[in-house]
file input17.cif (mmCIF, C-alpha atoms and all ligand atoms)
data_data
#
loop_
_atom_site.label_atom_id
_atom_site.label_comp_id
_atom_site.auth_asym_id
_atom_site.auth_seq_id
_atom_site.Cartn_x
_atom_site.Cartn_y
_atom_site.Cartn_z
CA MET I 40 0.00 0.00 0.00
CA LYS I 41 0.95 3.63 -0.38
CA ILE I 42 0.08 5.11 3.02
CA LEU I 43 -0.22 8.81 3.81
CA VAL I 44 0.92 9.06 7.45
CA THR I 45 0.32 12.36 9.27
CA GLY I 46 2.59 13.13 12.23
CA GLY I 47 5.24 10.72 10.96
CA ALA I 48 8.08 12.75 12.49
CA GLY I 49 6.60 12.35 15.99
CA PHE I 50 6.97 9.55 18.49
CA ILE I 51 4.35 6.99 17.40
CA GLY I 52 4.09 8.20 13.80
CA SER I 53 7.80 7.62 13.22
CA ALA I 54 7.51 4.08 14.65
CA VAL I 55 4.67 3.47 12.18
CA VAL I 56 6.75 4.88 9.31
CA ARG I 57 9.77 2.71 10.17
CA GLN I 58 7.61 -0.43 10.57
CA ALA I 59 5.60 0.23 7.39
CA ILE I 60 8.74 0.69 5.29
CA ALA I 61 10.17 -2.54 6.78
CA ASP I 62 6.90 -4.27 5.79
CA GLY I 63 7.29 -3.09 2.18
CA HIS I 64 4.72 -0.26 2.13
CA GLU I 65 5.30 3.13 0.51
CA ILE I 66 5.01 6.13 2.83
CA VAL I 67 4.10 9.78 2.35
CA ASN I 68 5.02 11.37 5.66
CA VAL I 69 3.09 14.62 6.24
CA ASP I 70 4.28 16.63 9.22
CA ALA I 71 4.31 20.31 10.20
CA LEU I 72 7.47 19.73 12.30
CA THR I 73 6.25 21.25 15.56
CA TYR I 74 8.43 21.27 18.69
CA ALA I 75 7.49 17.58 19.19
CA ALA I 76 8.83 16.42 15.82
CA SER I 77 12.27 15.30 14.84
CA LEU I 78 13.22 14.17 11.35
CA SER I 79 16.02 12.15 12.92
CA ASN I 80 13.24 9.77 14.09
CA VAL I 81 12.89 8.66 10.46
CA ALA I 82 16.52 9.07 9.36
CA SER I 83 16.84 5.28 9.01
CA VAL I 84 14.26 5.23 6.18
CA GLU I 85 14.65 8.60 4.46
CA ALA I 86 16.84 7.17 1.67
CA GLU I 87 14.32 4.41 0.87
CA ALA I 88 12.74 4.64 -2.60
CA GLY I 89 9.24 4.27 -1.13
CA TYR I 90 9.59 7.15 1.35
CA VAL I 91 8.60 10.79 0.75
CA PHE I 92 8.42 13.64 3.27
CA GLU I 93 5.97 16.55 2.90
CA HIS I 94 6.45 19.51 5.25
CA VAL I 95 2.77 20.44 5.48
CA ASP I 96 0.38 21.56 8.22
CA ILE I 97 -2.84 19.49 8.24
CA CYS I 98 -4.79 22.70 8.87
CA ASP I 99 -3.68 24.03 5.44
CA ALA I 100 -6.50 22.82 3.18
CA VAL I 101 -4.85 23.77 -0.12
CA ALA I 102 -1.53 22.15 0.72
CA ILE I 103 -3.18 18.99 2.05
CA GLN I 104 -5.34 18.58 -1.04
CA LYS I 105 -2.22 18.92 -3.16
CA VAL I 106 -0.53 16.14 -1.18
CA PHE I 107 -3.45 13.79 -1.94
CA ASP I 108 -3.58 14.74 -5.62
CA THR I 109 0.19 14.42 -6.07
CA HIS I 110 0.77 11.16 -4.23
CA ARG I 111 -2.57 9.31 -4.63
CA PRO I 112 -2.41 7.21 -1.45
CA ASP I 113 -4.33 3.95 -0.86
CA ALA I 114 -4.93 4.82 2.79
CA VAL I 115 -4.44 7.49 5.45
CA MET I 116 -3.08 6.92 8.94
CA HIS I 117 -3.78 10.09 10.89
CA LEU I 118 -1.50 10.60 13.88
CA ALA I 119 -0.65 14.32 13.67
CA ALA I 120 -1.82 15.98 16.86
CA GLU I 121 -0.88 18.14 19.78
CA SER I 122 -0.34 15.30 22.25
CA HIS I 123 0.86 16.51 25.66
CA VAL I 124 -1.88 16.78 28.32
CA ASP I 125 0.04 19.30 30.47
CA ARG I 126 0.49 21.62 27.48
CA SER I 127 -3.26 21.35 26.76
CA ILE I 128 -3.93 22.67 30.28
CA ASP I 129 -1.50 25.59 29.79
CA GLY I 130 -2.82 26.47 26.31
CA PRO I 131 -5.75 24.54 24.82
CA LYS I 132 -6.10 26.57 21.59
CA ALA I 133 -3.46 24.75 19.57
CA PHE I 134 -5.09 21.45 20.58
CA LEU I 135 -8.46 22.51 19.22
CA GLU I 136 -6.87 23.89 16.05
CA THR I 137 -4.79 20.84 15.13
CA ASN I 138 -6.75 18.01 16.70
CA ILE I 139 -10.23 19.18 15.71
CA MET I 140 -9.90 21.61 12.78
CA GLY I 141 -6.85 19.79 11.42
CA THR I 142 -8.76 16.49 11.44
CA PHE I 143 -11.71 18.21 9.77
CA THR I 144 -9.44 19.64 7.07
CA LEU I 145 -7.80 16.28 6.49
CA LEU I 146 -11.19 14.54 6.29
CA GLN I 147 -12.42 17.03 3.69
CA ALA I 148 -9.31 16.52 1.57
CA ALA I 149 -9.53 12.73 1.93
CA MET I 150 -13.23 12.81 0.96
CA SER I 151 -12.62 14.94 -2.11
CA TYR I 152 -9.74 12.68 -3.21
CA TRP I 153 -11.69 9.45 -2.49
CA GLU I 154 -14.72 10.70 -4.45
CA GLY I 155 -12.47 11.78 -7.30
CA GLN I 156 -11.04 8.26 -7.45
CA GLY I 157 -14.54 6.76 -7.82
CA LYS I 158 -14.94 5.89 -4.11
CA PRO I 159 -12.70 2.80 -3.96
CA GLU I 160 -13.96 0.41 -1.25
CA GLY I 161 -10.47 -0.53 -0.14
CA PHE I 162 -9.59 3.05 0.86
CA ARG I 163 -9.23 3.59 4.63
CA PHE I 164 -9.04 6.67 6.82
CA HIS I 165 -7.44 5.38 10.02
CA HIS I 166 -7.70 7.76 12.95
CA VAL I 167 -5.27 7.07 15.79
CA SER I 168 -6.77 8.11 19.10
CA THR I 169 -6.42 7.62 22.81
CA ASP I 170 -8.10 5.73 25.65
CA GLU I 171 -8.28 9.11 27.43
CA VAL I 172 -11.51 9.84 25.51
CA TYR I 173 -13.23 7.38 27.89
CA GLY I 174 -12.39 9.43 30.98
CA THR I 175 -11.24 7.79 34.19
CA LEU I 176 -11.79 4.43 35.91
CA GLY I 177 -11.97 3.52 39.58
CA ALA I 178 -10.02 0.57 40.97
CA GLU I 179 -11.98 -1.95 38.88
CA GLY I 180 -13.02 -2.42 35.24
CA GLN I 181 -11.56 -1.75 31.80
CA PHE I 182 -12.43 0.42 28.81
CA THR I 183 -14.10 -1.47 25.97
CA GLU I 184 -14.99 -0.18 22.51
CA THR I 185 -18.54 0.55 23.77
CA THR I 186 -17.52 2.57 26.85
CA SER I 187 -19.15 6.02 26.76
CA TYR I 188 -16.94 8.99 26.00
CA ALA I 189 -16.23 11.22 29.02
CA PRO I 190 -13.02 13.15 28.32
CA ASN I 191 -11.65 15.23 31.19
CA SER I 192 -8.73 17.26 29.80
CA PRO I 193 -8.60 19.75 26.91
CA TYR I 194 -6.38 17.20 25.11
CA SER I 195 -8.77 14.27 25.53
CA ALA I 196 -11.79 16.45 24.69
CA SER I 197 -10.10 17.46 21.42
CA LYS I 198 -9.32 13.82 20.60
CA ALA I 199 -12.90 12.79 21.43
CA ALA I 200 -14.15 15.51 19.06
CA SER I 201 -11.89 14.26 16.27
CA ASP I 202 -13.06 10.65 16.82
CA HIS I 203 -16.65 11.86 16.44
CA LEU I 204 -15.81 13.76 13.26
CA VAL I 205 -14.24 10.68 11.67
CA ARG I 206 -17.22 8.51 12.60
CA ALA I 207 -19.64 11.17 11.28
CA TRP I 208 -17.78 11.43 7.94
CA GLY I 209 -18.15 7.64 7.67
CA GLU I 210 -21.85 7.62 8.54
CA THR I 211 -22.83 10.72 6.58
CA TYR I 212 -20.60 10.58 3.51
CA GLY I 213 -19.64 6.90 3.48
CA LEU I 214 -15.88 7.54 3.88
CA PRO I 215 -14.34 4.16 4.84
CA PHE I 216 -12.67 4.48 8.25
CA VAL I 217 -11.25 2.64 11.24
CA LEU I 218 -10.59 4.06 14.70
CA THR I 219 -8.07 2.91 17.27
CA ASN I 220 -7.93 4.03 20.90
CA CYS I 221 -4.73 3.09 22.64
CA SER I 222 -3.20 3.34 26.08
CA ASN I 223 0.00 5.17 27.06
CA ASN I 224 2.89 4.44 24.71
CA TYR I 225 6.55 4.32 25.67
CA GLY I 226 9.80 3.38 23.95
CA PRO I 227 12.59 4.86 21.79
CA TYR I 228 12.25 8.43 20.39
CA HIS I 229 9.77 9.47 23.13
CA PHE I 230 9.94 13.26 23.48
CA PRO I 231 11.70 14.15 26.75
CA GLU I 232 8.70 15.97 28.26
CA LYS I 233 6.80 12.69 28.80
CA LEU I 234 6.98 10.71 32.07
CA ILE I 235 9.31 7.82 31.22
CA PRO I 236 12.02 9.87 29.42
CA VAL I 237 11.80 12.52 32.18
CA VAL I 238 12.43 9.81 34.78
CA ILE I 239 15.38 8.33 32.88
CA LEU I 240 17.02 11.64 32.00
CA ASN I 241 16.50 13.31 35.39
CA ALA I 242 17.82 10.20 37.11
CA LEU I 243 20.96 10.20 34.95
CA ALA I 244 21.50 13.94 35.51
CA GLY I 245 21.25 13.55 39.30
CA LYS I 246 18.10 15.73 39.35
CA GLU I 247 14.84 15.21 41.23
CA ILE I 248 12.49 12.67 39.62
CA PRO I 249 9.06 14.37 39.80
CA ILE I 250 5.94 12.25 40.44
CA TYR I 251 2.48 13.83 40.45
CA GLY I 252 0.51 13.52 43.71
CA LYS I 253 1.27 10.25 45.46
CA GLY I 254 2.08 8.33 42.29
CA GLU I 255 -1.14 6.33 42.55
CA ASN I 256 -2.38 6.98 39.00
CA VAL I 257 -2.55 3.76 36.98
CA ARG I 258 -1.76 3.53 33.27
CA ASP I 259 -1.62 0.55 30.91
CA TRP I 260 1.78 0.84 29.18
CA LEU I 261 2.08 -0.09 25.49
CA TYR I 262 5.50 -0.48 23.84
CA VAL I 263 5.50 1.83 20.82
CA GLU I 264 6.84 -0.76 18.37
CA ASP I 265 4.06 -3.20 19.38
CA HIS I 266 1.61 -0.37 18.81
CA ALA I 267 2.98 0.31 15.32
CA VAL I 268 2.47 -3.37 14.40
CA ALA I 269 -1.08 -3.24 15.78
CA LEU I 270 -1.92 -0.08 13.82
CA LEU I 271 -0.74 -1.56 10.53
CA LYS I 272 -2.73 -4.70 11.27
CA VAL I 273 -5.91 -2.71 11.90
CA LEU I 274 -5.31 -0.74 8.70
CA SER I 275 -4.97 -3.87 6.55
CA ASP I 276 -7.33 -6.32 8.30
CA GLY I 277 -9.69 -4.20 10.42
CA GLU I 278 -13.36 -4.04 9.57
CA ASN I 279 -14.72 -0.83 8.07
CA ALA I 280 -16.33 1.59 10.57
CA ARG I 281 -15.05 -0.36 13.57
CA THR I 282 -13.10 0.75 16.65
CA TYR I 283 -10.26 -1.28 18.11
CA ASN I 284 -8.85 -0.63 21.59
CA ILE I 285 -5.12 -1.30 21.82
CA GLY I 286 -3.43 -1.88 25.18
CA GLY I 287 -0.21 -3.37 26.46
CA GLU I 288 -1.66 -5.71 29.14
CA ASN I 289 0.77 -3.88 31.44
CA GLU I 290 -0.98 -1.90 34.16
CA ALA I 291 1.20 -0.13 36.70
CA THR I 292 0.92 2.79 39.13
CA ASN I 293 3.22 5.67 38.28
CA LEU I 294 5.15 4.97 41.49
CA ASP I 295 5.73 1.30 40.60
CA LEU I 296 6.70 2.31 37.07
CA VAL I 297 9.30 4.80 38.32
CA HIS I 298 10.67 2.19 40.72
CA MET I 299 11.05 -0.24 37.80
CA VAL I 300 12.96 2.32 35.71
CA CYS I 301 15.19 3.16 38.68
CA ALA I 302 15.96 -0.52 39.32
CA ILE I 303 16.99 -0.98 35.66
CA LEU I 304 19.21 2.11 35.88
CA ASP I 305 20.75 0.85 39.15
CA GLU I 306 21.78 -2.24 37.20
CA LEU I 307 22.84 -0.65 33.89
CA ARG I 308 24.37 2.62 35.19
CA PRO I 309 25.16 1.98 38.89
CA LYS I 310 26.18 4.81 41.22
CA ASP I 311 26.68 5.17 44.98
CA ALA I 312 23.05 5.89 45.90
CA ALA I 313 19.94 4.15 44.52
CA TYR I 314 18.12 6.23 41.89
CA VAL I 315 14.81 5.99 43.83
CA GLU I 316 16.30 8.40 46.37
CA GLN I 317 15.87 11.16 43.74
CA ILE I 318 12.05 10.75 43.68
CA LYS I 319 10.16 13.93 44.63
CA PHE I 320 6.35 14.01 44.92
CA VAL I 321 5.01 17.21 43.30
CA THR I 322 1.62 18.95 43.14
CA ASP I 323 -0.80 16.85 41.12
CA ARG I 324 -2.00 17.76 37.61
CA PRO I 325 -5.49 19.35 37.76
CA GLY I 326 -8.21 16.90 36.65
CA HIS I 327 -5.67 14.04 36.70
CA ASP I 328 -7.49 10.84 35.66
CA LEU I 329 -6.91 8.13 38.29
CA ARG I 330 -6.82 4.99 36.19
CA TYR I 331 -6.93 3.87 32.55
CA ALA I 332 -7.16 0.19 31.64
CA ILE I 333 -7.83 -1.31 28.22
CA ASP I 334 -9.77 -4.41 27.32
CA ALA I 335 -7.92 -5.30 24.10
CA SER I 336 -9.79 -8.56 23.49
CA ARG I 337 -11.30 -7.36 20.19
CA ILE I 338 -7.96 -6.78 18.44
CA ILE I 339 -6.51 -9.91 20.08
CA ASP I 340 -9.42 -12.19 19.09
CA GLU I 341 -10.33 -10.71 15.71
CA LEU I 342 -6.96 -9.61 14.34
CA ASP I 343 -4.61 -11.98 16.14
CA TRP I 344 -2.41 -9.22 17.61
CA ARG I 345 -0.78 -9.30 21.05
CA PRO I 346 1.88 -7.17 22.71
CA SER I 347 5.28 -8.84 22.28
CA VAL I 348 6.98 -7.49 25.41
CA THR I 349 6.24 -7.27 29.12
CA LEU I 350 6.60 -3.89 30.82
CA GLU I 351 9.93 -4.96 32.33
CA GLN I 352 11.27 -6.02 28.89
CA GLY I 353 10.01 -2.88 27.16
CA LEU I 354 11.41 -0.59 29.87
CA ARG I 355 14.79 -2.32 29.67
CA LYS I 356 14.92 -1.78 25.88
CA THR I 357 13.84 1.85 26.38
CA VAL I 358 16.43 2.62 29.07
CA LYS I 359 19.17 1.04 26.93
CA TRP I 360 18.06 3.15 23.96
CA TYR I 361 18.25 6.42 25.96
CA LEU I 362 21.66 5.44 27.33
CA ALA I 363 22.92 4.91 23.77
CA ASN I 364 21.26 7.95 22.11
CA GLU I 365 22.21 11.09 24.01
CA ALA I 366 22.78 12.92 20.70
CA TRP I 367 19.06 12.47 19.96
CA TRP I 368 17.60 13.57 23.31
CA LYS I 369 20.04 16.28 24.43
CA PRO I 370 18.77 19.10 22.16
CA LEU I 371 15.11 18.11 22.66
CA GLN I 372 15.49 18.02 26.44
CA GLU I 373 16.25 21.74 26.41
CA VAL I 374 12.93 22.42 24.61
CA ALA I 375 11.06 20.36 27.22
CA GLU I 376 12.82 22.07 30.13
CA GLU I 377 12.15 25.56 28.76
CA ARG I 378 8.41 24.91 28.97
CA ARG I 379 8.60 23.50 32.49
CA GLY I 380 10.72 26.47 33.56
CA THR I 381 13.39 24.08 34.82
CA LYS I 382 16.07 25.04 32.34
CA ALA I 383 19.15 26.03 34.30
P1 LIG I 401 3.90 13.48 19.13
O1 LIG I 401 3.56 14.75 19.82
O2 LIG I 401 5.17 12.78 19.46
O3 LIG I 401 3.90 13.70 17.55
C1 LIG I 401 2.91 14.43 16.89
C2 LIG I 401 3.42 14.77 15.51
O4 LIG I 401 2.38 15.49 14.82
C3 LIG I 401 4.65 15.66 15.50
O5 LIG I 401 5.61 15.16 14.58
C4 LIG I 401 4.14 17.01 15.06
O6 LIG I 401 5.07 17.79 14.33
C5 LIG I 401 2.96 16.60 14.18
N1 LIG I 401 1.95 17.67 14.08
C6 LIG I 401 1.40 18.38 15.11
N2 LIG I 401 0.56 19.29 14.63
C7 LIG I 401 0.55 19.16 13.29
C8 LIG I 401 -0.13 19.80 12.24
N3 LIG I 401 -0.98 20.81 12.48
N4 LIG I 401 0.08 19.39 10.97
C9 LIG I 401 0.95 18.38 10.71
N5 LIG I 401 1.65 17.75 11.66
C10 LIG I 401 1.46 18.14 12.93
O7 LIG I 401 2.64 12.53 19.38
P2 LIG I 401 2.59 10.94 19.57
O8 LIG I 401 2.82 10.63 21.00
O9 LIG I 401 3.44 10.32 18.54
O10 LIG I 401 1.06 10.66 19.25
C11 LIG I 401 0.63 10.37 17.93
C12 LIG I 401 -0.88 10.21 17.94
O11 LIG I 401 -1.24 9.15 18.84
C13 LIG I 401 -1.62 11.44 18.41
O12 LIG I 401 -2.78 11.58 17.62
C14 LIG I 401 -1.99 11.13 19.85
O13 LIG I 401 -3.17 11.79 20.22
C15 LIG I 401 -2.18 9.63 19.78
N6 LIG I 401 -1.93 8.93 21.05
C16 LIG I 401 -0.71 9.01 21.67
C17 LIG I 401 -0.49 8.30 22.84
C18 LIG I 401 0.85 8.31 23.54
O14 LIG I 401 1.01 7.64 24.58
N7 LIG I 401 1.87 9.01 23.04
C19 LIG I 401 -1.50 7.53 23.41
C20 LIG I 401 -2.72 7.48 22.75
C21 LIG I 401 -2.92 8.16 21.57
#
call {"tool": "encode", "arguments": {"input": "input17.cif", "output": "structure tokens", "more": "lines below"}}
Ligand code: NAD
result
Amino acid sequence: MKILVTGGAGFIGSAVVRQAIADGHEIVNVDALTYAASLSNVASVEAEAGYVFEHVDICDAVAIQKVFDTHRPDAVMHLAAESHVDRSIDGPKAFLETNIMGTFTLLQAAMSYWEGQGKPEGFRFHHVSTDEVYGTLGAEGQFTETTSYAPNSPYSASKAASDHLVRAWGETYGLPFVLTNCSNNYGPYHFPEKLIPVVILNALAGKEIPIYGKGENVRDWLYVEDHAVALLKVLSDGENARTYNIGGENEATNLDLVHMVCAILDELRPKDAAYVEQIKFVTDRPGHDLRYAIDASRIIDELDWRPSVTLEQGLRKTVKWYLANEAWWKPLQEVAEERRGTKA
């Protein structure tokens, strides 16, 4: 397939691009290159004959239409978004612009292209979304594909809106689509403002390791390369107009997660004191959802996908990657620290 991937210079999008090229697909990578992007994430594939990069904002209707008309993709995988919850609390506008209006603009361009092609049945608009659209869980239960939407942050509200737009374009105009809602991703090339890279990099720098509240929030951690495989599977084998929840079968409290990362660092980069001694509990995020948990039985049973690593295995790979790739994270860490006001 020739796949138009939006956000392919970001964390998950670049994993999708690398996996898709390895699988023999052609890729048109459309990315506006915001602070969260890095073309070095896709450096390993940029010389491939089937890879093209388009520096385009998905909110730019004319430029996006031109991308469709020039490259004539068989499918769209839409990952471009403003993705950091804390930033959505500081400044929600960009989230509404990209995640809602950008998705609308992309849908309109995809529709116009798909109609112009004679409405091929095999075309797919795959929207990559989050389990955060379902809101928060108590101690028990899991999100299924029929859980009601109840987003709590500006970020999750904008993703919920974009999910609804995609579904509506399918119902109203017949645009073939699939939706995926996944849990928290982690792994190589994760921007250093997100929890796991912050823990690793602050630990290595001898700085405090910040944990919101008491560290009781529970997330289901999904290794990004497993996620990329799942997304490509849904694109090729998923049923039209269906949602698939994707999770890692790896629930952990933030405190347990940080302890696991510290234990791996104690082993791989030992120093006099244990890394857990750097943990500092900080004021909680407003509206912080307590627990997310995914029931992934639909994608497991129907599409024969399963996560390939445990949390311990995935964290070990991730820590090793950060230890070996300082040239990647060093410049990006400064961008992350500027926003947090922690830049020395
Ligand atoms: P990211 O922030 O690492 O990357 C987003 C990419 O989109 C960047 O390359 C950025 O330049 C690009 N982008 C942003 N605005 C754009 C615009 N207007 N036009 C074109 N490109 C633009 O995000 P990520 O963590 O890789 O997430 C990818 C997708 O997966 C997002 O839609 C996000 O909501 C969803 N998601 C992420 C997670 C997670 O744990 N990271 C979990 C669930 C869902």
call {"tool": "axis_aligned_box", "arguments": {"input": "input17.cif", "around": "ligand LIG 401 (chain I)", "padding_each_side": "3 Å", "output": "lines of an AutoDock Vina configuration file"}}
result
center_x = 1.2
center_y = 14.1
center_z = 17.6
size_x = 14.8
size_y = 19.3
size_z = 19.9
call {"tool": "residues_around", "arguments": {"input": "input17.cif", "residues": "range 109-112 of chain I", "least_positions_apart": "6", "cutoff": "12 Å", "atoms": "all atoms listed in the file", "output": "PyMOL selection string"}}
result
chain I and resi 40-44+64-69+89-93+102-103+148-149+151-153+155-156+159+161-164
call {"tool": "closest_atom_pairs", "arguments": {"input": "input17.cif", "of": "chain I", "to": "ligand LIG 401 (chain I)", "cutoff": "6 Å", "atoms": "only C-alpha atoms and all ligand atoms", "output": "JSON lines"}}
result
{"residue": "I:Gly46", "atom": "CA", "partner": "I:LIG401", "partner_atom": "O4", "distance": 3.5}
{"residue": "I:Gly47", "atom": "CA", "partner": "I:LIG401", "partner_atom": "O5", "distance": 5.7}
{"residue": "I:Ala48", "atom": "CA", "partner": "I:LIG401", "partner_atom": "O5", "distance": 4.0}
{"residue": "I:Gly49", "atom": "CA", "partner": "I:LIG401", "partner_atom": "O5", "distance": 3.3}
{"residue": "I:Phe50", "atom": "CA", "partner": "I:LIG401", "partner_atom": "O9", "distance": 3.6}
{"residue": "I:Ile51", "atom": "CA", "partner": "I:LIG401", "partner_atom": "O9", "distance": 3.6}
{"residue": "I:Gly52", "atom": "CA", "partner": "I:LIG401", "partner_atom": "O9", "distance": 5.2}
{"residue": "I:Asp70", "atom": "CA", "partner": "I:LIG401", "partner_atom": "N5", "distance": 3.8}
{"residue": "I:Ala71", "atom": "CA", "partner": "I:LIG401", "partner_atom": "C9", "distance": 3.9}
{"residue": "I:Leu72", "atom": "CA", "partner": "I:LIG401", "partner_atom": "O6", "distance": 3.7}
{"residue": "I:Thr73", "atom": "CA", "partner": "I:LIG401", "partner_atom": "O6", "distance": 3.9}
{"residue": "I:Ala75", "atom": "CA", "partner": "I:LIG401", "partner_atom": "O1", "distance": 4.9}
{"residue": "I:Ala76", "atom": "CA", "partner": "I:LIG401", "partner_atom": "O5", "distance": 3.7}
{"residue": "I:Val95", "atom": "CA", "partner": "I:LIG401", "partner_atom": "C9", "distance": 5.9}
{"residue": "I:Asp96", "atom": "CA", "partner": "I:LIG401", "partner_atom": "N4", "distance": 3.5}
{"residue": "I:Ile97", "atom": "CA", "partner": "I:LIG401", "partner_atom": "N4", "distance": 4.0}
{"residue": "I:Cys98", "atom": "CA", "partner": "I:LIG401", "partner_atom": "N3", "distance": 5.6}
{"residue": "I:Leu118", "atom": "CA", "partner": "I:LIG401", "partner_atom": "O12", "distance": 4.1}
{"residue": "I:Ala119", "atom": "CA", "partner": "I:LIG401", "partner_atom": "O4", "distance": 3.4}
{"residue": "I:Ala120", "atom": "CA", "partner": "I:LIG401", "partner_atom": "C6", "distance": 4.4}
{"residue": "I:Glu121", "atom": "CA", "partner": "I:LIG401", "partner_atom": "C6", "distance": 5.2}
{"residue": "I:Ser122", "atom": "CA", "partner": "I:LIG401", "partner_atom": "O1", "distance": 4.6}
{"residue": "I:Thr137", "atom": "CA", "partner": "I:LIG401", "partner_atom": "N3", "distance": 4.6}
{"residue": "I:Val167", "atom": "CA", "partner": "I:LIG401", "partner_atom": "O11", "distance": 5.5}
{"residue": "I:Ser168", "atom": "CA", "partner": "I:LIG401", "partner_atom": "C21", "distance": 4.6}
{"residue": "I:Thr169", "atom": "CA", "partner": "I:LIG401", "partner_atom": "C20", "distance": 3.7}
{"residue": "I:Cys221", "atom": "CA", "partner": "I:LIG401", "partner_atom": "C20", "distance": 4.8}
{"residue": "I:Ser222", "atom": "CA", "partner": "I:LIG401", "partner_atom": "C19", "distance": 5.3}
{"residue": "I:Asn223", "atom": "CA", "partner": "I:LIG401", "partner_atom": "O14", "distance": 3.6}
{"residue": "I:Asn224", "atom": "CA", "partner": "I:LIG401", "partner_atom": "O14", "distance": 3.7}
call {"tool": "closest_residue", "arguments": {"input": "input17.cif", "among": "I:Pro370, I:Gly157, I:Pro215, I:Pro346", "to": "Gly287 in chain I", "atoms": "only C-alpha atoms"}}
result
I:Pro346
call {"tool": "atom_distance", "arguments": {"input": "input17.cif", "atom1": "CA of Phe107 in chain I", "atom2": "CA of Ala59 in chain I"}}
result
18.8 Å
call {"tool": "residues_around", "arguments": {"input": "input17.cif", "residues": "Ser195 in chain I", "least_positions_apart": "4", "cutoff": "9 Å", "atoms": "only C-alpha atoms", "output": "list in words"}}
result
Val124, Thr169, Asp170, Glu171, Val172, Tyr173, Gly174, Ala189, Pro190, Asn191, Ala199 and Ala200 of chain I
call {"tool": "atom_distance", "arguments": {"input": "input17.cif", "atom1": "CA of Glu160 in chain I", "atom2": "CA of Leu145 in chain I"}}
result
18.7 Å
call {"tool": "closest_atom_pairs", "arguments": {"input": "input17.cif", "of": "range 278-359 of chain I", "to": "range 250-265 of chain I", "cutoff": "8 Å", "atoms": "only C-alpha atoms", "output": "Markdown table"}}
result
| residue | atom | partner | partner_atom | distance |
| --- | --- | --- | --- | --- |
| I:Gly286 | CA | I:Leu261 | CA | 5.8 |
| I:Gly287 | CA | I:Leu261 | CA | 4.1 |
| I:Glu288 | CA | I:Asp259 | CA | 6.5 |
| I:Asn289 | CA | I:Asp259 | CA | 5.1 |
| I:Glu290 | CA | I:Asp259 | CA | 4.1 |
| I:Ala291 | CA | I:Val257 | CA | 5.4 |
| I:Thr292 | CA | I:Val257 | CA | 4.2 |
| I:Asn293 | CA | I:Gly254 | CA | 4.9 |
| I:Leu294 | CA | I:Gly254 | CA | 4.6 |
| I:Ile318 | CA | I:Ile250 | CA | 7.1 |
| I:Lys319 | CA | I:Ile250 | CA | 6.2 |
| I:Phe320 | CA | I:Ile250 | CA | 4.8 |
| I:Val321 | CA | I:Tyr251 | CA | 5.1 |
| I:Thr322 | CA | I:Gly252 | CA | 5.6 |
| I:Asp323 | CA | I:Gly252 | CA | 4.4 |
| I:Arg324 | CA | I:Tyr251 | CA | 6.6 |
| I:Asp328 | CA | I:Asn256 | CA | 7.2 |
| I:Leu329 | CA | I:Asn256 | CA | 4.7 |
| I:Arg330 | CA | I:Val257 | CA | 4.5 |
| I:Tyr331 | CA | I:Arg258 | CA | 5.2 |
| I:Ala332 | CA | I:Asp259 | CA | 5.6 |
| I:Ile333 | CA | I:Asp259 | CA | 7.0 |
| I:Arg345 | CA | I:Asp265 | CA | 8.0 |
| I:Pro346 | CA | I:Asp265 | CA | 5.6 |
| I:Ser347 | CA | I:Asp265 | CA | 6.5 |
| I:Val348 | CA | I:Tyr262 | CA | 7.3 |
| I:Leu350 | CA | I:Trp260 | CA | 6.9 |
| I:Gly353 | CA | I:Tyr262 | CA | 6.1 |
call {"tool": "atom_distance", "arguments": {"input": "input17.cif", "atom1": "CA of Ala82 in chain I", "atom2": "CA of Arg308 in chain I"}}
result
27.8 Å
call {"tool": "residues_around", "arguments": {"input": "input17.cif", "residues": "Val81 in chain I", "least_positions_apart": "2", "cutoff": "8 Å", "atoms": "only C-alpha atoms", "output": "PyMOL selection string"}}
result
chain I and resi 47-48+53+56-57+77-79+83-85
call {"tool": "residues_around", "arguments": {"input": "input17.cif", "residues": "range 236-241 of chain I", "least_positions_apart": "2", "cutoff": "12 Å", "atoms": "all atoms listed in the file", "output": "count of residues only"}}
result
57
call {"tool": "closest_residue", "arguments": {"input": "input17.cif", "among": "I:Asp108, I:Asp113, I:Glu306, I:Glu136", "to": "Pro193 in chain I", "atoms": "all atoms listed in the file"}}
result
I:Glu136
call {"tool": "closest_residue", "arguments": {"input": "input17.cif", "among": "I:Thr211, I:His203, I:Tyr74, I:Thr175", "to": "His123 in chain I", "atoms": "all atoms listed in the file"}}
result
I:Tyr74
call {"tool": "closest_residue", "arguments": {"input": "input17.cif", "among": "I:Ser127, I:Gln352, I:Asn138, I:Asn279", "to": "Gly326 in chain I", "atoms": "all atoms listed in the file"}}
result
I:Ser127
